[in-house]
file structure_9.cif (mmCIF, C-alpha atoms, pLDDT in the B column; chains and numbers go by the auth columns)
data_structure
#
loop_
_atom_site.group_PDB
_atom_site.id
_atom_site.type_symbol
_atom_site.label_atom_id
_atom_site.label_comp_id
_atom_site.label_asym_id
_atom_site.label_seq_id
_atom_site.Cartn_x
_atom_site.Cartn_y
_atom_site.Cartn_z
_atom_site.B_iso_or_equiv
_atom_site.auth_seq_id
_atom_site.auth_asym_id
ATOM 1 C CA MET A 1 144.911 248.560 243.236 85.00 1 A
ATOM 2 C CA LYS A 2 142.714 246.017 241.485 93.00 2 A
ATOM 3 C CA LEU A 3 139.356 247.244 240.272 96.00 3 A
ATOM 4 C CA LYS A 4 136.527 244.773 240.696 97.00 4 A
ATOM 5 C CA ILE A 5 133.336 245.095 238.660 97.00 5 A
ATOM 6 C CA LEU A 6 130.172 243.271 239.682 96.00 6 A
ATOM 7 C CA HIS A 7 127.219 243.582 237.348 94.00 7 A
ATOM 8 C CA THR A 8 123.738 242.375 236.714 94.00 8 A
ATOM 9 C CA ASN A 9 122.045 242.274 233.351 92.00 9 A
ATOM 10 C CA ASP A 10 118.580 241.436 232.058 91.00 10 A
ATOM 11 C CA VAL A 11 116.910 241.068 235.459 87.00 11 A
ATOM 12 C CA HIS A 12 113.537 241.852 233.790 85.00 12 A
ATOM 13 C CA SER A 13 111.803 242.663 237.095 82.00 13 A
ATOM 14 C CA ASN A 14 112.406 239.163 238.493 83.00 14 A
ATOM 15 C CA PHE A 15 112.796 240.586 241.978 82.00 15 A
ATOM 16 C CA GLU A 16 111.827 237.377 243.760 82.00 16 A
ATOM 17 C CA ASN A 17 115.396 236.111 243.317 83.00 17 A
ATOM 18 C CA PHE A 18 117.145 239.429 243.862 88.00 18 A
ATOM 19 C CA ALA A 19 117.886 238.689 247.526 90.00 19 A
ATOM 20 C CA ARG A 20 120.390 236.089 246.316 92.00 20 A
ATOM 21 C CA VAL A 21 122.024 238.686 244.066 92.00 21 A
ATOM 22 C CA ALA A 22 122.195 241.187 246.929 94.00 22 A
ATOM 23 C CA THR A 23 123.826 238.567 249.163 95.00 23 A
ATOM 24 C CA LEU A 24 126.504 237.843 246.563 95.00 24 A
ATOM 25 C CA ILE A 25 127.167 241.538 245.992 95.00 25 A
ATOM 26 C CA ARG A 26 127.591 242.145 249.717 95.00 26 A
ATOM 27 C CA GLN A 27 129.883 239.107 249.942 96.00 27 A
ATOM 28 C CA PHE A 28 132.249 240.229 247.150 95.00 28 A
ATOM 29 C CA LYS A 29 132.065 244.036 247.410 95.00 29 A
ATOM 30 C CA ASP A 30 135.015 245.962 248.769 95.00 30 A
ATOM 31 C CA GLU A 31 136.260 249.548 248.518 94.00 31 A
ATOM 32 C CA HIS A 32 137.599 248.921 244.983 97.00 32 A
ATOM 33 C CA THR A 33 134.347 247.539 243.556 97.00 33 A
ATOM 34 C CA LEU A 34 131.961 249.063 241.043 97.00 34 A
ATOM 35 C CA ILE A 35 128.446 247.649 241.004 97.00 35 A
ATOM 36 C CA LEU A 36 126.693 248.163 237.678 97.00 36 A
ATOM 37 C CA ASP A 37 123.590 247.067 235.834 95.00 37 A
ATOM 38 C CA GLY A 38 123.821 246.457 232.095 93.00 38 A
ATOM 39 C CA GLY A 39 120.204 247.275 231.301 91.00 39 A
ATOM 40 C CA ASP A 40 116.798 245.644 231.181 90.00 40 A
ATOM 41 C CA PHE A 41 116.487 245.722 234.946 89.00 41 A
ATOM 42 C CA ALA A 42 112.948 247.064 234.910 87.00 42 A
ATOM 43 C CA ASP A 43 110.379 245.855 232.401 85.00 43 A
ATOM 44 C CA PHE A 44 107.274 247.205 234.166 85.00 44 A
ATOM 45 C CA LYS A 45 105.479 243.852 234.283 83.00 45 A
ATOM 46 C CA SER A 46 105.322 244.068 238.080 82.00 46 A
ATOM 47 C CA ILE A 47 102.715 246.076 239.932 85.00 47 A
ATOM 48 C CA GLU A 48 105.485 247.533 242.118 84.00 48 A
ATOM 49 C CA LEU A 49 107.065 249.255 239.135 86.00 49 A
ATOM 50 C CA GLN A 50 103.775 250.336 237.607 87.00 50 A
ATOM 51 C CA GLY A 51 102.604 251.865 240.896 89.00 51 A
ATOM 52 C CA THR A 52 105.864 253.698 241.637 93.00 52 A
ATOM 53 C CA ARG A 53 106.822 254.698 238.080 92.00 53 A
ATOM 54 C CA GLY A 54 109.945 252.575 238.446 91.00 54 A
ATOM 55 C CA ILE A 55 111.128 254.008 241.755 94.00 55 A
ATOM 56 C CA ALA A 56 110.762 250.627 243.501 92.00 56 A
ATOM 57 C CA ALA A 57 113.490 249.262 241.215 91.00 57 A
ATOM 58 C CA ILE A 58 115.714 252.273 241.851 94.00 58 A
ATOM 59 C CA GLU A 59 115.305 251.916 245.613 94.00 59 A
ATOM 60 C CA LEU A 60 116.246 248.248 245.367 92.00 60 A
ATOM 61 C CA LEU A 61 119.434 249.044 243.452 94.00 61 A
ATOM 62 C CA GLU A 62 120.272 251.878 245.852 96.00 62 A
ATOM 63 C CA ALA A 63 119.833 249.591 248.865 94.00 63 A
ATOM 64 C CA VAL A 64 122.357 247.143 247.413 94.00 64 A
ATOM 65 C CA GLY A 65 124.804 249.934 246.559 95.00 65 A
ATOM 66 C CA TYR A 66 124.809 250.149 242.764 97.00 66 A
ATOM 67 C CA ASP A 67 127.123 252.778 241.293 97.00 67 A
ATOM 68 C CA ALA A 68 125.551 253.190 237.836 97.00 68 A
ATOM 69 C CA LEU A 69 122.966 251.757 235.467 94.00 69 A
ATOM 70 C CA THR A 70 122.761 251.682 231.723 93.00 70 A
ATOM 71 C CA ILE A 71 119.452 251.828 229.941 90.00 71 A
ATOM 72 C CA GLY A 72 118.088 248.825 228.089 88.00 72 A
ATOM 73 C CA ASN A 73 115.053 248.737 225.873 87.00 73 A
ATOM 74 C CA ASN A 74 112.876 247.481 228.753 87.00 74 A
ATOM 75 C CA GLU A 75 113.421 250.628 230.791 87.00 75 A
ATOM 76 C CA MET A 76 111.586 252.430 227.970 85.00 76 A
ATOM 77 C CA PHE A 77 108.421 250.299 228.156 85.00 77 A
ATOM 78 C CA ASN A 78 106.557 252.919 230.195 87.00 78 A
ATOM 79 C CA GLY A 79 107.786 255.793 228.043 86.00 79 A
ATOM 80 C CA VAL A 80 110.495 258.396 228.222 88.00 80 A
ATOM 81 C CA ASP A 81 108.690 260.357 230.951 90.00 81 A
ATOM 82 C CA THR A 82 108.922 257.393 233.325 91.00 82 A
ATOM 83 C CA LEU A 83 112.559 256.840 232.402 91.00 83 A
ATOM 84 C CA GLU A 84 113.332 260.501 233.117 92.00 84 A
ATOM 85 C CA HIS A 85 111.427 260.239 236.414 94.00 85 A
ATOM 86 C CA MET A 86 113.493 257.219 237.436 94.00 86 A
ATOM 87 C CA ALA A 87 116.792 258.844 236.420 94.00 87 A
ATOM 88 C CA SER A 88 116.062 262.140 238.145 95.00 88 A
ATOM 89 C CA ASN A 89 115.110 260.354 241.384 96.00 89 A
ATOM 90 C CA SER A 90 118.135 258.064 241.465 96.00 90 A
ATOM 91 C CA SER A 91 121.239 258.591 243.610 97.00 91 A
ATOM 92 C CA PHE A 92 123.359 256.902 240.929 96.00 92 A
ATOM 93 C CA PRO A 93 123.737 257.914 237.257 96.00 93 A
ATOM 94 C CA PHE A 94 121.914 256.395 234.318 94.00 94 A
ATOM 95 C CA VAL A 95 124.531 256.019 231.586 92.00 95 A
ATOM 96 C CA SER A 96 123.762 255.986 227.868 87.00 96 A
ATOM 97 C CA ASN A 97 125.566 257.299 224.832 82.00 97 A
ATOM 98 C CA ASN A 98 123.014 256.637 222.104 80.00 98 A
ATOM 99 C CA LEU A 99 119.623 257.581 223.488 80.00 99 A
ATOM 100 C CA PHE A 100 117.857 260.495 221.810 80.00 100 A
ATOM 101 C CA LYS A 101 114.364 261.915 221.870 79.00 101 A
ATOM 102 C CA LYS A 102 112.583 262.555 218.584 82.00 102 A
ATOM 103 C CA ASP A 103 113.720 266.192 218.765 88.00 103 A
ATOM 104 C CA LYS A 104 117.361 264.947 218.942 81.00 104 A
ATOM 105 C CA THR A 105 117.902 266.015 222.582 79.00 105 A
#

call {"tool": "encode", "arguments": {"input": "structure_9.cif", "output": "structure tokens"}}
result
Amino acid sequence: MKLKILHTNDVHSNFENFARVATLIRQFKDEHTLILDGGDFADFKSIELQGTRGIAAIELLEAVGYDALTIGNNEMFNGVDTLEHMASNSSFPFVSNNLFKKDKT
């Protein structure tokens, strides 16, 4: 089996071009493909993310079939509460190995 990894990185809420990304993912995805985002997907400059506390971005990634997301600095722009809201309402995991709250949790 060959594992195929498709990933996006630094989308920065530029959703107007994301239909092209979704088309390419659907074109190249097969049963041995992981679809990942390397962070900075959501920077909260768009009204869609502000109004949904980031859930609009999560729904977009879910619709395309992402398997996991790592957290960039932009996902923190609306605070840790919004990040936790996004992660707890996502069907795929948010992966990070160096993210701590002030209380070290």

call {"tool": "resolve_selection", "arguments": {"input": "structure_9.cif", "expression": "the PyMOL selection byres ((chain A and resi 101) around 12)", "output": "CSV table (one decimal) with C-alpha atoms, in the coordinates of the input"}}
result
chain,number,residue,atom,x,y,z
A,76,MET,CA,111.6,252.4,228.0
A,79,GLY,CA,107.8,255.8,228.0
A,80,VAL,CA,110.5,258.4,228.2
A,81,ASP,CA,108.7,260.4,231.0
A,83,LEU,CA,112.6,256.8,232.4
A,84,GLU,CA,113.3,260.5,233.1
A,98,ASN,CA,123.0,256.6,222.1
A,99,LEU,CA,119.6,257.6,223.5
A,100,PHE,CA,117.9,260.5,221.8
A,102,LYS,CA,112.6,262.6,218.6
A,103,ASP,CA,113.7,266.2,218.8
A,104,LYS,CA,117.4,264.9,218.9
A,105,THR,CA,117.9,266.0,222.6

call {"tool": "atom_distance", "arguments": {"input": "structure_9.cif", "atom1": "atom CA of Phe18 of chain A", "atom2": "atom CA of Met1 of chain A"}}
result
29.2 Å

call {"tool": "closest_residue", "arguments": {"input": "structure_9.cif", "among": "A:Ser13, A:Thr23, A:Thr33, A:Thr70", "to": "Ala57 of chain A", "atoms": "all atoms listed in the file"}}
result
A:Ser13

call {"tool": "resolve_selection", "arguments": {"input": "structure_9.cif", "expression": "the PyMOL selection byres ((chain A and resi 45) around 12)", "output": "JSON list (two decimals) with C-alpha atoms, in the coordinates of the input"}}
result
[["chain", "number", "residue", "atom", "x", "y", "z"],
["A", 11, "VAL", "CA", 116.91, 241.07, 235.46],
["A", 12, "HIS", "CA", 113.54, 241.85, 233.79],
["A", 13, "SER", "CA", 111.80, 242.66, 237.10],
["A", 14, "ASN", "CA", 112.41, 239.16, 238.49],
["A", 15, "PHE", "CA", 112.80, 240.59, 241.98],
["A", 40, "ASP", "CA", 116.80, 245.64, 231.18],
["A", 41, "PHE", "CA", 116.49, 245.72, 234.95],
["A", 42, "ALA", "CA", 112.95, 247.06, 234.91],
["A", 43, "ASP", "CA", 110.38, 245.86, 232.40],
["A", 44, "PHE", "CA", 107.27, 247.20, 234.17],
["A", 46, "SER", "CA", 105.32, 244.07, 238.08],
["A", 47, "ILE", "CA", 102.72, 246.08, 239.93],
["A", 48, "GLU", "CA", 105.48, 247.53, 242.12],
["A", 49, "LEU", "CA", 107.06, 249.26, 239.14],
["A", 50, "GLN", "CA", 103.78, 250.34, 237.61],
["A", 51, "GLY", "CA", 102.60, 251.86, 240.90],
["A", 53, "ARG", "CA", 106.82, 254.70, 238.08],
["A", 54, "GLY", "CA", 109.94, 252.58, 238.45],
["A", 57, "ALA", "CA", 113.49, 249.26, 241.22],
["A", 74, "ASN", "CA", 112.88, 247.48, 228.75],
["A", 75, "GLU", "CA", 113.42, 250.63, 230.79],
["A", 77, "PHE", "CA", 108.42, 250.30, 228.16],
["A", 78, "ASN", "CA", 106.56, 252.92, 230.20]]

call {"tool": "resolve_selection", "arguments": {"input": "structure_9.cif", "expression": "the PyMOL selection byres ((chain A and resi 30) around 12)", "output": "list in words"}}
result
Met1, Lys2, Leu3, Lys4, Ile5, Leu6, Leu24, Ile25, Arg26, Gln27, Phe28, Lys29, Glu31, His32, Thr33, Leu34, Ile35 and Gly65 of chain A

call {"tool": "closest_residue", "arguments": {"input": "structure_9.cif", "among": "A:Leu61, A:Thr52, A:His7, A:Asp37", "to": "Ala19 of chain A", "atoms": "all atoms listed in the file"}}
result
A:Leu61

call {"tool": "atom_distance", "arguments": {"input": "structure_9.cif", "atom1": "atom CA of Arg20 of chain A", "atom2": "atom CA of Leu60 of chain A"}}
result
12.9 Å
